[in-house]
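Novice: start-v2.pdb (PDB, C-alpha atoms and all ligand atoms) pasted underneath:
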ATOM      1  CA  MET A 299       1.489  -3.169 -19.338
ATOM      2  CA  VAL A 300       0.147  -6.462 -20.654
ATOM      3  CA  LEU A 301      -0.287  -9.850 -18.982
ATOM      4  CA  GLU A 302       0.142 -12.530 -21.632
ATOM      5  CA  ILE A 303       0.802 -15.590 -19.492
ATOM      6  CA  PRO A 304      -0.056 -15.786 -15.771
ATOM      7  CA  GLY A 305       3.030 -16.234 -13.646
ATOM      8  CA  GLN A 306       5.182 -14.130 -15.972
ATOM      9  CA  PRO A 307       6.022 -10.426 -15.654
ATOM     10  CA  LEU A 308       3.875  -7.859 -17.456
ATOM     11  CA  LYS A 309       5.167  -6.648 -20.819
ATOM     12  CA  TYR A 310       5.481  -2.987 -21.733
ATOM     13  CA  GLN A 311       3.802  -2.831 -25.148
ATOM     14  CA  GLN A 312       2.349  -0.426 -27.688
ATOM     15  CA  VAL A 313      -1.336  -1.216 -28.173
ATOM     16  CA  ASP A 314      -4.093   0.583 -30.071
ATOM     17  CA  ILE A 315      -6.012   3.237 -28.167
ATOM     18  CA  PRO A 316      -9.424   1.625 -27.485
ATOM     19  CA  LEU A 317     -12.548   3.327 -28.841
ATOM     20  CA  PRO A 318     -15.707   3.503 -26.721
ATOM     21  CA  THR A 319     -18.896   1.600 -27.553
ATOM     22  CA  ALA A 320     -22.228   3.410 -27.214
ATOM     23  CA  VAL A 321     -22.316   2.931 -23.418
ATOM     24  CA  GLN A 322     -18.612   3.505 -22.767
ATOM     25  CA  ILE A 323     -16.335   6.453 -22.183
ATOM     26  CA  GLN A 324     -12.738   6.644 -23.305
ATOM     27  CA  ILE A 325     -10.431   7.727 -20.508
ATOM     28  CA  LYS A 326      -6.906   9.107 -20.517
ATOM     29  CA  VAL A 327      -5.543   7.472 -17.395
ATOM     30  CA  ILE A 328      -3.985   9.844 -14.865
ATOM     31  CA  ALA A 329      -3.069   7.179 -12.331
ATOM     32  CA  CYS A 330      -3.853   3.574 -11.454
ATOM     33  CA  GLY A 331      -3.376   2.027  -8.042
ATOM     34  CA  VAL A 332      -1.667  -1.331  -7.615
ATOM     35  CA  CYS A 333      -3.898  -3.688  -5.647
ATOM     36  CA  ARG A 334      -3.195  -7.074  -4.098
ATOM     37  CA  THR A 335      -5.896  -8.488  -6.372
ATOM     38  CA  ASP A 336      -3.655  -7.582  -9.323
ATOM     39  CA  LEU A 337      -1.052  -9.940  -7.851
ATOM     40  CA  HIS A 338      -3.634 -12.739  -7.579
ATOM     41  CA  VAL A 339      -4.592 -12.153 -11.235
ATOM     42  CA  ILE A 340      -1.015 -11.953 -12.491
ATOM     43  CA  ASP A 341       0.094 -14.989 -10.468
ATOM     44  CA  GLY A 342      -2.848 -17.021 -11.827
ATOM     45  CA  GLU A 343      -4.511 -17.594  -8.436
ATOM     46  CA  LEU A 344      -7.629 -16.051  -9.967
ATOM     47  CA  THR A 345      -8.162 -18.205 -13.021
ATOM     48  CA  GLN A 346     -10.767 -16.406 -15.142
ATOM     49  CA  ALA A 347      -8.596 -13.566 -16.459
ATOM     50  CA  ARG A 348      -9.089 -12.453 -20.043
ATOM     51  CA  LEU A 349      -5.761 -12.900 -21.875
ATOM     52  CA  PRO A 350      -3.901 -10.936 -23.004
ATOM     53  CA  LEU A 351      -4.973  -8.551 -20.258
ATOM     54  CA  ILE A 352      -4.198  -5.021 -19.149
ATOM     55  CA  PRO A 353      -4.578  -5.194 -15.330
ATOM     56  CA  GLY A 354      -5.531  -2.376 -12.969
ATOM     57  CA  HIS A 355      -8.847  -1.455 -11.310
ATOM     58  CA  GLU A 356      -8.096   1.659  -9.261
ATOM     59  CA  VAL A 357      -8.213   4.224 -12.008
ATOM     60  CA  ILE A 358      -8.387   7.997 -11.962
ATOM     61  CA  GLY A 359      -8.619   9.496 -15.429
ATOM     62  CA  ARG A 360      -9.901  12.241 -17.675
ATOM     63  CA  VAL A 361     -12.754  11.587 -20.084
ATOM     64  CA  THR A 362     -11.558  12.007 -23.679
ATOM     65  CA  MET A 363     -14.442  10.559 -25.708
ATOM     66  CA  ILE A 364     -18.044   9.618 -25.046
ATOM     67  CA  GLY A 365     -20.263   6.868 -26.507
ATOM     68  CA  GLY A 366     -23.553   7.871 -28.128
ATOM     69  CA  GLU A 367     -25.792   6.586 -25.315
ATOM     70  CA  VAL A 368     -23.751   7.890 -22.382
ATOM     71  CA  SER A 369     -25.370  10.405 -20.077
ATOM     72  CA  GLY A 370     -23.972  12.082 -16.980
ATOM     73  CA  PHE A 371     -20.383  12.530 -18.170
ATOM     74  CA  GLN A 372     -18.695  15.074 -20.386
ATOM     75  CA  VAL A 373     -15.300  15.275 -22.046
ATOM     76  CA  ASN A 374     -12.682  16.482 -19.524
ATOM     77  CA  ASP A 375     -14.576  15.187 -16.473
ATOM     78  CA  ILE A 376     -12.366  13.413 -13.950
ATOM     79  CA  VAL A 377     -13.709   9.935 -13.291
ATOM     80  CA  GLY A 378     -12.866   6.940 -11.158
ATOM     81  CA  VAL A 379     -13.073   3.397 -12.518
ATOM     82  CA  PRO A 380     -13.529   0.611  -9.961
ATOM     83  CA  TRP A 381     -13.312  -3.197 -10.050
ATOM     84  CA  LEU A 382     -16.995  -3.698 -10.898
ATOM     85  CA  GLY A 383     -17.119  -3.087 -14.646
ATOM     86  CA  TYR A 384     -20.458  -4.564 -15.756
ATOM     87  CA  THR A 385     -23.505  -6.332 -14.332
ATOM     88  CA  CYS A 386     -26.431  -7.854 -16.218
ATOM     89  CA  GLY A 387     -29.268  -6.199 -14.299
ATOM     90  CA  GLU A 388     -31.368  -9.323 -14.772
ATOM     91  CA  CYS A 389     -30.110 -12.116 -12.536
ATOM     92  CA  LYS A 390     -31.591 -12.678  -9.072
ATOM     93  CA  PHE A 391     -28.691 -10.873  -7.417
ATOM     94  CA  CYS A 392     -28.933  -7.806  -9.642
ATOM     95  CA  ARG A 393     -32.685  -7.669  -9.070
ATOM     96  CA  SER A 394     -32.273  -7.744  -5.291
ATOM     97  CA  GLY A 395     -29.707  -4.966  -4.825
ATOM     98  CA  ARG A 396     -26.742  -7.338  -4.723
ATOM     99  CA  GLU A 397     -25.114  -6.637  -8.047
ATOM    100  CA  ASN A 398     -21.721  -7.361  -6.478
ATOM    101  CA  LEU A 399     -22.739 -11.029  -6.783
ATOM    102  CA  CYS A 400     -24.040 -10.788 -10.389
ATOM    103  CA  ASP A 401     -23.852 -14.118 -12.216
ATOM    104  CA  ASN A 402     -22.667 -12.322 -15.344
ATOM    105  CA  GLY A 403     -20.473  -9.613 -13.823
ATOM    106  CA  LEU A 404     -17.328  -8.353 -15.528
ATOM    107  CA  PHE A 405     -14.392  -6.875 -13.675
ATOM    108  CA  THR A 406     -11.953  -4.139 -14.584
ATOM    109  CA  GLY A 407      -8.391  -5.368 -14.965
ATOM    110  CA  TYR A 408      -9.522  -9.013 -14.815
ATOM    111  CA  THR A 409     -12.204  -9.863 -17.361
ATOM    112  CA  LEU A 410     -12.023  -6.355 -18.895
ATOM    113  CA  ASP A 411      -8.892  -4.389 -19.739
ATOM    114  CA  GLY A 412      -7.941  -2.021 -16.938
ATOM    115  CA  GLY A 413      -5.846   0.982 -16.086
ATOM    116  CA  TYR A 414      -2.205  -0.112 -16.398
ATOM    117  CA  ALA A 415      -2.271   1.899 -19.613
ATOM    118  CA  GLU A 416      -2.337   5.411 -20.986
ATOM    119  CA  TYR A 417      -5.889   4.999 -22.277
ATOM    120  CA  MET A 418      -8.771   2.703 -21.475
ATOM    121  CA  VAL A 419     -12.506   2.439 -22.044
ATOM    122  CA  ALA A 420     -15.102   1.760 -19.362
ATOM    123  CA  ASP A 421     -18.877   1.380 -19.180
ATOM    124  CA  ALA A 422     -19.963   4.831 -18.029
ATOM    125  CA  ARG A 423     -22.721   3.388 -15.829
ATOM    126  CA  PHE A 424     -20.056   1.914 -13.544
ATOM    127  CA  CYS A 425     -17.744   4.949 -13.352
ATOM    128  CA  PHE A 426     -17.810   7.524 -10.576
ATOM    129  CA  ALA A 427     -17.559  11.277 -10.876
ATOM    130  CA  MET A 428     -14.681  12.062  -8.525
ATOM    131  CA  PRO A 429     -15.309  14.857  -6.016
ATOM    132  CA  GLU A 430     -13.005  17.822  -5.593
ATOM    133  CA  GLY A 431      -9.904  16.936  -3.614
ATOM    134  CA  TYR A 432      -9.902  13.378  -4.982
ATOM    135  CA  ARG A 433      -8.949  13.896  -8.594
ATOM    136  CA  GLY A 434      -5.247  13.063  -8.657
ATOM    137  CA  ALA A 435      -2.931  10.089  -8.156
ATOM    138  CA  PRO A 436      -3.371   9.954  -4.342
ATOM    139  CA  ALA A 437      -7.076   9.206  -4.872
ATOM    140  CA  ALA A 438      -6.466   6.090  -6.999
ATOM    141  CA  PRO A 439      -6.331   3.616  -4.061
ATOM    142  CA  LEU A 440      -9.748   4.823  -2.935
ATOM    143  CA  LEU A 441     -11.298   3.034  -5.925
ATOM    144  CA  CYS A 442     -10.630  -0.435  -4.508
ATOM    145  CA  ALA A 443      -8.671  -0.425  -1.269
ATOM    146  CA  GLY A 444     -10.907   2.366   0.008
ATOM    147  CA  LEU A 445     -14.137   1.047  -1.439
ATOM    148  CA  ILE A 446     -13.785  -2.628  -0.557
ATOM    149  CA  GLY A 447     -12.434  -1.652   2.860
ATOM    150  CA  PHE A 448     -15.517   0.497   3.357
ATOM    151  CA  ARG A 449     -17.863  -2.305   2.246
ATOM    152  CA  SER A 450     -16.129  -4.640   4.721
ATOM    153  CA  TYR A 451     -16.498  -2.027   7.458
ATOM    154  CA  ARG A 452     -20.200  -1.510   6.706
ATOM    155  CA  MET A 453     -20.819  -5.229   7.344
ATOM    156  CA  ILE A 454     -19.844  -4.721  10.977
ATOM    157  CA  ARG A 455     -22.650  -4.038  13.422
ATOM    158  CA  PRO A 456     -22.654  -0.331  14.264
ATOM    159  CA  GLU A 457     -22.298  -0.913  18.014
ATOM    160  CA  ALA A 458     -18.908  -2.610  17.547
ATOM    161  CA  ARG A 459     -16.213  -0.458  19.113
ATOM    162  CA  ASN A 460     -12.965  -2.435  19.115
ATOM    163  CA  ILE A 461     -12.060  -3.311  15.563
ATOM    164  CA  GLY A 462      -9.059  -5.372  14.504
ATOM    165  CA  LEU A 463      -7.519  -4.873  11.064
ATOM    166  CA  TYR A 464      -5.320  -7.773   9.955
ATOM    167  CA  GLY A 465      -2.812  -6.740   7.298
ATOM    168  CA  PHE A 466      -2.050  -3.047   7.401
ATOM    169  CA  GLY A 467      -1.719  -1.936   3.796
ATOM    170  CA  ALA A 468      -3.680   0.188   1.378
ATOM    171  CA  ALA A 469      -7.176  -0.711   2.615
ATOM    172  CA  ALA A 470      -6.413  -0.582   6.342
ATOM    173  CA  HIS A 471      -4.645   2.776   6.259
ATOM    174  CA  ILE A 472      -7.696   4.400   4.619
ATOM    175  CA  LEU A 473     -10.262   2.619   6.765
ATOM    176  CA  THR A 474      -8.467   3.434  10.021
ATOM    177  CA  GLN A 475      -9.007   7.134   9.378
ATOM    178  CA  ILE A 476     -12.764   6.681   8.889
ATOM    179  CA  ALA A 477     -13.177   4.257  11.814
ATOM    180  CA  LYS A 478     -11.255   6.547  14.147
ATOM    181  CA  ALA A 479     -13.360   9.549  13.123
ATOM    182  CA  GLN A 480     -16.420   7.491  14.039
ATOM    183  CA  GLY A 481     -15.124   6.819  17.525
ATOM    184  CA  LYS A 482     -13.870   3.290  16.943
ATOM    185  CA  GLN A 483     -10.738   1.902  18.522
ATOM    186  CA  VAL A 484      -8.521   0.335  15.853
ATOM    187  CA  PHE A 485      -6.161  -2.546  16.612
ATOM    188  CA  ALA A 486      -3.679  -3.108  13.780
ATOM    189  CA  PHE A 487      -2.062  -6.470  13.074
ATOM    190  CA  THR A 488       0.942  -6.691  10.745
ATOM    191  CA  ARG A 489       3.417  -9.359   9.746
ATOM    192  CA  GLU A 490       5.459 -10.468  12.764
ATOM    193  CA  SER A 491       8.222  -8.019  13.723
ATOM    194  CA  ASP A 492       7.239  -5.595  10.945
ATOM    195  CA  THR A 493       7.786  -2.604  13.215
ATOM    196  CA  LYS A 494       7.761  -0.224  10.257
ATOM    197  CA  SER A 495       4.163  -1.122   9.380
ATOM    198  CA  GLN A 496       3.219  -0.999  13.065
ATOM    199  CA  LEU A 497       4.525   2.559  13.386
ATOM    200  CA  PHE A 498       2.706   3.444  10.175
ATOM    201  CA  ALA A 499      -0.553   2.056  11.638
ATOM    202  CA  LEU A 500      -0.136   4.098  14.822
ATOM    203  CA  ARG A 501       0.541   7.203  12.756
ATOM    204  CA  MET A 502      -2.658   6.598  10.768
ATOM    205  CA  GLY A 503      -4.682   6.483  13.988
ATOM    206  CA  ALA A 504      -4.596   2.899  15.274
ATOM    207  CA  GLY A 505      -4.589   2.766  19.087
ATOM    208  CA  TRP A 506      -2.477  -0.386  19.183
ATOM    209  CA  ALA A 507      -0.326  -2.203  16.643
ATOM    210  CA  ALA A 508       1.596  -5.479  16.803
ATOM    211  CA  GLY A 509       2.376  -8.679  14.910
ATOM    212  CA  SER A 510      -0.606 -10.854  13.987
ATOM    213  CA  ASN A 511       0.625 -13.532  16.415
ATOM    214  CA  GLU A 512       0.093 -11.155  19.363
ATOM    215  CA  THR A 513      -3.011 -11.032  21.551
ATOM    216  CA  PRO A 514      -4.633  -7.576  21.673
ATOM    217  CA  PRO A 515      -4.916  -5.915  25.109
ATOM    218  CA  GLU A 516      -8.726  -5.784  24.838
ATOM    219  CA  GLN A 517     -11.224  -8.190  23.348
ATOM    220  CA  LEU A 518     -12.299  -7.205  19.833
ATOM    221  CA  ASP A 519     -15.888  -6.764  18.665
ATOM    222  CA  ALA A 520     -15.025  -7.336  15.021
ATOM    223  CA  ALA A 521     -12.082  -8.196  12.803
ATOM    224  CA  ILE A 522     -11.452  -7.404   9.161
ATOM    225  CA  ILE A 523      -8.806  -9.531   7.473
ATOM    226  CA  PHE A 524      -7.119  -7.882   4.493
ATOM    227  CA  ALA A 525      -4.021 -10.118   4.375
ATOM    228  CA  PRO A 526      -4.463 -13.192   2.129
ATOM    229  CA  ALA A 527      -3.424 -15.578   4.903
ATOM    230  CA  GLY A 528      -6.022 -18.212   5.851
ATOM    231  CA  GLU A 529      -4.437 -18.872   9.249
ATOM    232  CA  LEU A 530      -5.597 -15.415  10.325
ATOM    233  CA  VAL A 531      -9.237 -16.603  10.383
ATOM    234  CA  PRO A 532      -8.930 -18.828  13.486
ATOM    235  CA  LYS A 533      -6.558 -16.254  15.011
ATOM    236  CA  ALA A 534      -9.109 -13.481  14.556
ATOM    237  CA  LEU A 535     -11.851 -15.736  15.984
ATOM    238  CA  LYS A 536      -9.690 -16.070  19.103
ATOM    239  CA  ASP A 537      -9.362 -12.296  19.352
ATOM    240  CA  ILE A 538     -13.086 -11.454  19.113
ATOM    241  CA  GLY A 539     -15.736 -11.803  21.805
ATOM    242  CA  LYS A 540     -19.251 -13.277  21.686
ATOM    243  CA  ALA A 541     -21.267 -12.236  18.618
ATOM    244  CA  GLY A 542     -18.028 -10.962  17.125
ATOM    245  CA  GLN A 543     -17.645 -10.847  13.363
ATOM    246  CA  VAL A 544     -14.690 -11.838  11.238
ATOM    247  CA  ILE A 545     -14.901 -10.221   7.810
ATOM    248  CA  CYS A 546     -12.549 -11.450   5.082
ATOM    249  CA  GLY A 547     -11.998  -8.461   2.803
ATOM    250  CA  GLY A 548      -9.777 -10.034   0.156
ATOM    251  CA  ILE A 549     -10.686 -11.869  -3.019
ATOM    252  CA  HIS A 550      -8.248 -14.716  -2.432
ATOM    253  CA  MET A 551      -6.819 -16.355   0.677
ATOM    254  CA  SER A 552      -4.620 -19.359   1.383
ATOM    255  CA  ASP A 553      -6.435 -22.364   2.898
ATOM    256  CA  ILE A 554      -8.010 -21.817   6.293
ATOM    257  CA  PRO A 555      -6.730 -24.373   8.808
ATOM    258  CA  ALA A 556      -9.287 -26.519  10.648
ATOM    259  CA  PHE A 557     -10.348 -25.062  13.974
ATOM    260  CA  SER A 558     -12.450 -26.087  16.954
ATOM    261  CA  TYR A 559     -16.158 -25.251  16.931
ATOM    262  CA  GLU A 560     -15.562 -23.551  20.264
ATOM    263  CA  LEU A 561     -13.948 -20.650  18.375
ATOM    264  CA  LEU A 562     -17.154 -20.070  16.408
ATOM    265  CA  TRP A 563     -19.491 -20.689  19.336
ATOM    266  CA  GLY A 564     -21.180 -17.736  21.012
ATOM    267  CA  GLU A 565     -22.662 -16.552  17.705
ATOM    268  CA  ARG A 566     -19.352 -15.514  16.256
ATOM    269  CA  SER A 567     -19.376 -15.397  12.465
ATOM    270  CA  VAL A 568     -17.022 -15.509   9.501
ATOM    271  CA  GLN A 569     -17.994 -13.775   6.269
ATOM    272  CA  SER A 570     -16.332 -12.929   2.982
ATOM    273  CA  ILE A 571     -16.760  -9.694   1.037
ATOM    274  CA  ALA A 572     -17.168 -10.051  -2.711
ATOM    275  CA  ASN A 573     -16.678  -7.118  -5.080
ATOM    276  CA  LEU A 574     -18.738  -3.952  -4.637
ATOM    277  CA  THR A 575     -22.023  -2.427  -5.674
ATOM    278  CA  ARG A 576     -22.332   1.008  -7.221
ATOM    279  CA  GLU A 577     -24.246   1.981  -4.110
ATOM    280  CA  ASP A 578     -21.135   1.153  -2.039
ATOM    281  CA  GLY A 579     -19.197   3.558  -4.234
ATOM    282  CA  HIS A 580     -21.665   6.395  -3.838
ATOM    283  CA  ALA A 581     -21.902   5.821  -0.070
ATOM    284  CA  PHE A 582     -18.113   5.817   0.198
ATOM    285  CA  LEU A 583     -17.689   9.023  -1.806
ATOM    286  CA  LYS A 584     -20.348  10.612   0.417
ATOM    287  CA  GLN A 585     -18.479   9.419   3.508
ATOM    288  CA  LEU A 586     -15.328  11.127   2.216
ATOM    289  CA  GLN A 587     -17.185  14.434   2.318
ATOM    290  CA  ILE A 588     -17.894  13.869   6.034
ATOM    291  CA  THR A 589     -14.528  12.338   6.970
ATOM    292  CA  PRO A 590     -11.842  13.329   4.494
ATOM    293  CA  VAL A 591      -9.015  10.809   4.243
ATOM    294  CA  LYS A 592      -5.408  11.193   3.200
ATOM    295  CA  THR A 593      -3.758   8.318   1.414
ATOM    296  CA  GLN A 594      -0.071   7.545   1.628
ATOM    297  CA  THR A 595       1.123   6.581  -1.837
ATOM    298  CA  THR A 596       4.385   5.592  -3.487
ATOM    299  CA  HIS A 597       4.466   6.546  -7.155
ATOM    300  CA  PHE A 598       5.872   4.550 -10.054
ATOM    301  CA  GLN A 599       5.927   5.063 -13.806
ATOM    302  CA  LEU A 600       3.751   2.806 -15.949
ATOM    303  CA  SER A 601       6.796   0.864 -17.173
ATOM    304  CA  GLU A 602       7.755   0.162 -13.536
ATOM    305  CA  ALA A 603       4.576  -1.830 -12.814
ATOM    306  CA  ASN A 604       6.451  -5.114 -12.276
ATOM    307  CA  GLU A 605       8.700  -3.448  -9.720
ATOM    308  CA  ALA A 606       5.693  -1.992  -7.868
ATOM    309  CA  LEU A 607       4.020  -5.417  -7.840
ATOM    310  CA  ASN A 608       7.137  -7.093  -6.470
ATOM    311  CA  LEU A 609       7.466  -4.559  -3.662
ATOM    312  CA  LEU A 610       3.789  -5.066  -2.796
ATOM    313  CA  ARG A 611       4.304  -8.831  -2.764
ATOM    314  CA  LYS A 612       7.155  -8.420  -0.275
ATOM    315  CA  GLY A 613       5.118  -6.090   1.942
ATOM    316  CA  LYS A 614       7.530  -3.241   1.249
ATOM    317  CA  ILE A 615       4.943  -0.582   0.363
ATOM    318  CA  ALA A 616       3.746   1.652   3.192
ATOM    319  CA  GLY A 617       0.211   2.559   2.179
ATOM    320  CA  ALA A 618      -0.433   2.080  -1.514
ATOM    321  CA  ALA A 619       1.574   1.867  -4.736
ATOM    322  CA  VAL A 620       0.269   3.938  -7.628
ATOM    323  CA  LEU A 621       1.291   3.979 -11.286
ATOM    324  CA  VAL A 622       1.300   7.550 -12.535
ATOM    325  CA  MET A 623       1.057   8.142 -16.283
ATOM    326  CA  VAL A 624       2.945  11.108 -17.644
TER     327      VAL A 624
HETATM  328 ZN    ZN B   1     -26.682  -9.869 -12.742
HETATM  329 ZN    ZN B   2      -8.445  -4.219  -5.673
END
Just give me the structure as structure tokens.

Specialist:
Amino acid sequence: MVLEIPGQPLKYQQVDIPLPTAVQIQIKVIACGVCRTDLHVIDGELTQARLPLIPGHEVIGRVTMIGGEVSGFQVNDIVGVPWLGYTCGECKFCRSGRENLCDNGLFTGYTLDGGYAEYMVADARFCFAMPEGYRGAPAAPLLCAGLIGFRSYRMIRPEARNIGLYGFGAAAHILTQIAKAQGKQVFAFTRESDTKSQLFALRMGAGWAAGSNETPPEQLDAAIIFAPAGELVPKALKDIGKAGQVICGGIHMSDIPAFSYELLWGERSVQSIANLTREDGHAFLKQLQITPVKTQTTHFQLSEANEALNLLRKGKIAGAAVLVMV
């Protein structure tokens, strides 16, 4: 499924099967999750996309060919391909353990072709060996929704107990399971009067769920905003207590309205989360061994990608949408 012009639907096309370079593996895609970031790329809100582009950065696939310099993977291994597709290893961020901020980074399904395809290639150094139990379509959303959600969660001070999740989709439904297992109390915020998503949140382990306009029954210690709605930043600042953190987990957000300094006072903070490091990925996969998670996924065929994207845009997907290649 190819993006030729931002703002237009993807086109179902025959393209050549890509061959791996020395550091790449060729992958037969099993499944690729549909992420909100894909919408931002396709709609042109993220402006650096390579064109034409095959989107998709939540890939589970089987290795079919290996470049000459690749170590650690063999043909038939099941791998996961995340958003972070390449870093330079030389800039000040790479040299200080912050490769997520690399000045020369490349991103799967954005500046590199991704997984809305039957085959793709990926730099083996950025792929993950998927553990047993996470090798099929339900594991696809773990590669971004799970991973970025986990990075957002790790930014929160460990003593925080009451955690608000704003926007209850793919990331929140995975993270709730981990937070709950660690003794946190999860407060889920959905679109106003979206009772279906609120029930879903409660089923996933949230202790309370309501529209994002509602005030939670207890003060929050931290908030993670997954919805791309800037007005949630001052709202979340109202919901947290002193020294509370507001973490913005998405790559794009509408403008944040002006707010009084009083909302930030008391050492409250607002922080964005950008991309991921490979270390985040390894830590997350390790966490899954301690607290297994179950994703809720709705499956689509590759040629139905536009339909899946439209349902995601309308908030009609409970959990995560996944394209499953046959
Ligand atoms: Zn770098
Ligand atoms: Zn994503």

Novice: Identify all residues satisfying the PyMOL selection byres (((chain A and resi 565-567) around 10) and not hetatm) in the given file; provide them as a PyMOL selection string.

Specialist: chain A and resi 519-520+535+538-545+560-564+568-569

Novice: Please identify all protein, DNA and RNA residues within 9 Å of ligand ZN 2 (chain B), counting all atoms listed in the file, and report them as a ChimeraX atom specification.

Specialist: /A:331-336,354-356,380-381,439,441-443,445-446,548-549,573

Novice: Any chance you could tabulate, as CSV, the residues of chain A at most 7 Å from ligand ZN 1 (chain B) with each one's nearest atom pair and distance in Å to one decimal, using all atoms listed in the file, in chain and rising number order?

Specialist:
residue,atom,partner,partner_atom,distance
A:Thr385,CA,B:ZN1,ZN,5.0
A:Cys386,CA,B:ZN1,ZN,4.0
A:Gly387,CA,B:ZN1,ZN,4.8
A:Glu388,CA,B:ZN1,ZN,5.1
A:Cys389,CA,B:ZN1,ZN,4.1
A:Lys390,CA,B:ZN1,ZN,6.7
A:Phe391,CA,B:ZN1,ZN,5.8
A:Cys392,CA,B:ZN1,ZN,4.4
A:Glu397,CA,B:ZN1,ZN,5.9
A:Cys400,CA,B:ZN1,ZN,3.7
A:Asp401,CA,B:ZN1,ZN,5.1
A:Asn402,CA,B:ZN1,ZN,5.4
A:Gly403,CA,B:ZN1,ZN,6.3

Novice: Apply the PyMOL selection byres (((chain A and resi 409) around 6) and not hetatm) to the file shown and report the selected residues as a PyMOL selection string.

Specialist: chain A and resi 347-348+404-405+408+410

Novice: Name the residues that the PyMOL selection byres (((chain A and resi 613) around 10) and not hetatm) picks from the file above, as an MDAnalysis selection string, using the file's chain letters and numbers.

Specialist: chainID A and resid 465:467 488:489 492 495 607:612 614:617

Novice: Looking at all atoms listed in the file, which of A:Ala427, A:Leu463, A:Val321, A:Val484 is the one that sits closest to Gly503 (chain A)?

Specialist: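 Of A:Ala427, A:Leu463, A:Val321, A:Val484, the one nearest Gly503 (chain A) is A:Val484, counting all atoms listed in the file.
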
Novice: Would you mind telling me which residue in A:Gly359, A:Gly579, A:Pro429, A:Gly434 lies nearest to Tyr417 (chain A) when using all atoms listed in the file?

Specialist: A:Gly359

Novice: Ranking A:Lys309, A:Arg455, A:Arg433, A:Arg393 by minimum distance to Val327 (chain A) and counting all atoms listed in the file, which one comes first?

Specialist: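 Closest to Val327 (chain A) of all the choices is A:Arg433.
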
Novice: Report the distance between CA of Glu416 (chain A) and CA of Val622 (chain A) in Å, rounded to one decimal place.

Specialist: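 Those two atoms sit 9.4 Å apart.
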
Novice: Using only C-alpha atoms, find the one residue out of A:Ile328, A:Ala556, A:Ile364, A:Ala469 that sits nearest to Leu621 (chain A).

Specialist: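 For Leu621 (chain A), the nearest of the given residues is A:Ile328.
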
Novice: Give as a ChimeraX atom specification every residue, naming chains and numbers as the document does, that has an atom within 12 Å of (6.6, 2.7, -27.5), counting only C-alpha atoms.

Specialist: /A:299,309-314,415-416,600-601

Novice: Leaving out Arg452 (chain A) and any residue of its chain fewer than 5 positions from it, which residues lie within 12 Å of it when counting only C-alpha atoms, given as a list in words?

Specialist: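 Skipping anything fewer than 5 positions along the chain leaves Leu445, Ile446, Gly447, Glu457, Ala458, Leu473, Ile476, Ala477, Ala520, Ile522, Gln543, Ile545, Gly547, Ile571, Leu574, Asp578, Ala581, Phe582 and Gln585 of chain A.
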
Novice: Got a sec to check which residues sit within 9 Å of (-7.2, 11.9, -8.1), counting all atoms listed in the file, and write them as a PyMOL selection string?

Specialist: chain A and resi 328-329+357-359+376-378+428-438

Novice: List the neighbours of Pro515 (chain A) out to 12 Å using all atoms listed in the file; skip same-chain residues closer than 6 positions along the sequence, and give me the result as a ChimeraX atom specification.

Specialist: /A:460,462,483-486,505-508,537-538

Novice: Just checking: using only C-alpha atoms, which residue out of A:Ala499, A:Lys536, A:Gly412, A:Met418 ends up closest to Ile315 (chain A)?

Specialist: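 The answer is A:Met418, which sits nearest to Ile315 (chain A).
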
Novice: Quick one: of A:Gly407, A:Gly481, A:Pro555, A:Pro526, who's nearest to Pro350 (chain A), counting only C-alpha atoms?

Specialist: A:Gly407
